[in-house]
Amino acid sequence: MIEVVSAERCVLCDVCIKVCPTDVFDRGPGGLPVIARQSDCQTCFMCEVNCPTDALYVAPLTGPAPEGSPHTDEAALGASDAFGLYRRYVGWGNGRIPGARLDTNHIFTARVRTVTESPPAH
């Protein structure tokens with residue numbers, strides 16, 4: 001189940017929002033994705049494997065992690081290199097540099113621009 005969205009790692013690309021089959025995320029203040037409907041999470045890991053900066057952690061649990069669980073401790077997850085662990089395990093995105101903010105892929109840069117600039121006129 002999705003447990004952590006790291007504000008430090010997130011580049012506001014909205015990929016997690018777009019790929020989630022059960023619409024778990026909302027765009028929060030400043031564009032940061034927030035876990036709005038955790039109980040709808042299927043633990044499919046789609047958000048984690050598609051995140052370009054390994055900013056998400058999906059715990060291998062079918063329900064929310066209990067209070068005080070290491071699955072909700074962002075600092076401990078970062079120290080243990082748990083962000084993007086499932087993605088690496090399945091071989092998705094090999095060669096990715098976790099936390100890279102210099103990605104020039106149009107999908108990611110377009111979302112960053114829309115957060116910081118006015119939307120284009122239609």
# chains A, B, ... in the order shown; residues from 1 in each chain; ligands from 1
call {"tool": "residues_around", "arguments": {"residues": "Thr62 (chain A)", "least_positions_apart": "5", "cutoff": "10 Å", "atoms": "only C-alpha atoms", "output": "PyMOL selection string"}}
result
chain A and resi 1-2+39+41-43
call {"tool": "residues_around", "arguments": {"residues": "Ile17 (chain A)", "least_positions_apart": "5", "cutoff": "12 Å", "atoms": "only C-alpha atoms", "output": "short mmCIF file (atom, residue, chain, number, x, y, z; two decimals) with C-alpha atoms, in the first residue's frame"}}
result
data_model
loop_
_atom_site.label_atom_id
_atom_site.label_comp_id
_atom_site.auth_asym_id
_atom_site.auth_seq_id
_atom_site.Cartn_x
_atom_site.Cartn_y
_atom_site.Cartn_z
CA VAL A 5 5.49 10.64 -1.13
CA LEU A 12 5.93 17.50 -9.61
CA THR A 22 -7.63 3.60 -8.54
CA ASP A 23 -7.12 7.39 -8.34
CA VAL A 24 -5.36 7.33 -4.96
CA PHE A 25 -3.54 10.67 -5.39
CA ASP A 26 -4.61 14.30 -5.53
CA ARG A 27 -2.42 17.24 -6.39
CA GLY A 28 -1.78 19.05 -3.13
CA GLY A 31 1.61 20.64 -6.92
CA LEU A 32 2.97 17.92 -4.65
CA PRO A 33 0.96 14.68 -4.97
CA VAL A 34 -0.78 13.69 -1.75
CA ILE A 35 -2.17 10.31 -0.78
CA ALA A 36 -5.85 11.23 -0.71
CA ARG A 37 -7.53 7.81 -0.80
CA MET A 46 2.48 1.34 -10.69
CA CYS A 47 3.21 4.70 -9.07
CA GLU A 48 6.53 3.52 -7.67
CA ASN A 50 6.84 4.90 -13.00
CA CYS A 51 8.18 7.64 -10.71
CA LEU A 56 7.35 7.13 -3.75
CA ARG A 111 4.38 19.45 -15.71
#
call {"tool": "closest_atom_pairs", "arguments": {"of": "region 43-65 of chain A", "to": "region 84-94 of chain A", "cutoff": "7 Å", "atoms": "only C-alpha atoms", "output": "JSON lines"}}
result
{"residue": "A:Glu48", "atom": "CA", "partner": "A:Gly84", "partner_atom": "CA", "distance": 6.2}
{"residue": "A:Val49", "atom": "CA", "partner": "A:Arg87", "partner_atom": "CA", "distance": 4.6}
{"residue": "A:Asp54", "atom": "CA", "partner": "A:Gly84", "partner_atom": "CA", "distance": 4.8}
{"residue": "A:Tyr57", "atom": "CA", "partner": "A:Gly84", "partner_atom": "CA", "distance": 6.9}
call {"tool": "write_last_selection", "arguments": {"atoms": "C-alpha atoms", "output": "mmCIF file, in the first residue's frame"}}
result
data_model
loop_
_atom_site.group_PDB
_atom_site.id
_atom_site.type_symbol
_atom_site.label_atom_id
_atom_site.label_comp_id
_atom_site.auth_asym_id
_atom_site.auth_seq_id
_atom_site.Cartn_x
_atom_site.Cartn_y
_atom_site.Cartn_z
ATOM 1 C CA GLU A 48 6.534 3.517 -7.671
ATOM 2 C CA VAL A 49 7.802 1.898 -10.876
ATOM 3 C CA ASP A 54 12.018 7.366 -6.900
ATOM 4 C CA TYR A 57 7.356 4.172 -1.419
#
call {"tool": "atom_distance", "arguments": {"atom1": "CA of Gly63 (chain A)", "atom2": "CA of Phe83 (chain A)"}}
result
18.8 Å
call {"tool": "residues_around", "arguments": {"residues": "Ala65 (chain A)", "least_positions_apart": "6", "cutoff": "9 Å", "atoms": "only C-alpha atoms", "output": "list of chain:residue names"}}
result
A:Met1, A:Glu3, A:Ala59, A:His71, A:Thr72
call {"tool": "write_last_selection", "arguments": {"atoms": "N, CA and C atoms", "output": "PDB file, in the first residue's frame"}}
result
ATOM      1  N   MET A   1       0.848  -1.173   0.000  1.00  0.00           N
ATOM      2  CA  MET A   1       0.000   0.000   0.000  1.00  0.00           C
ATOM      3  C   MET A   1       0.900   1.245   0.000  1.00  0.00           C
ATOM      4  N   GLU A   3       2.569   4.461   0.989  1.00  0.00           N
ATOM      5  CA  GLU A   3       2.778   5.013   2.320  1.00  0.00           C
ATOM      6  C   GLU A   3       3.455   6.374   2.308  1.00  0.00           C
ATOM      7  N   ALA A  59       4.558   0.162   0.387  1.00  0.00           N
ATOM      8  CA  ALA A  59       4.881  -0.923   1.312  1.00  0.00           C
ATOM      9  C   ALA A  59       4.246  -2.214   0.809  1.00  0.00           C
ATOM     10  N   HIS A  71       7.792   1.346   7.652  1.00  0.00           N
ATOM     11  CA  HIS A  71       7.259   1.574   6.312  1.00  0.00           C
ATOM     12  C   HIS A  71       6.718   2.991   6.122  1.00  0.00           C
ATOM     13  N   THR A  72       6.638   3.768   7.196  1.00  0.00           N
ATOM     14  CA  THR A  72       6.144   5.141   7.079  1.00  0.00           C
ATOM     15  C   THR A  72       7.213   6.169   7.435  1.00  0.00           C
TER      16      THR A  72
END
call {"tool": "select_by_dssp", "arguments": {"residues": "region 9-114 of chain A", "states": "helix (DSSP H, G or I)", "output": "VMD selection string"}}
result
chain A and resid 15 to 19 29 to 31 38 to 40 46 to 50 70 to 72 74 to 79 85 to 90 106 to 114
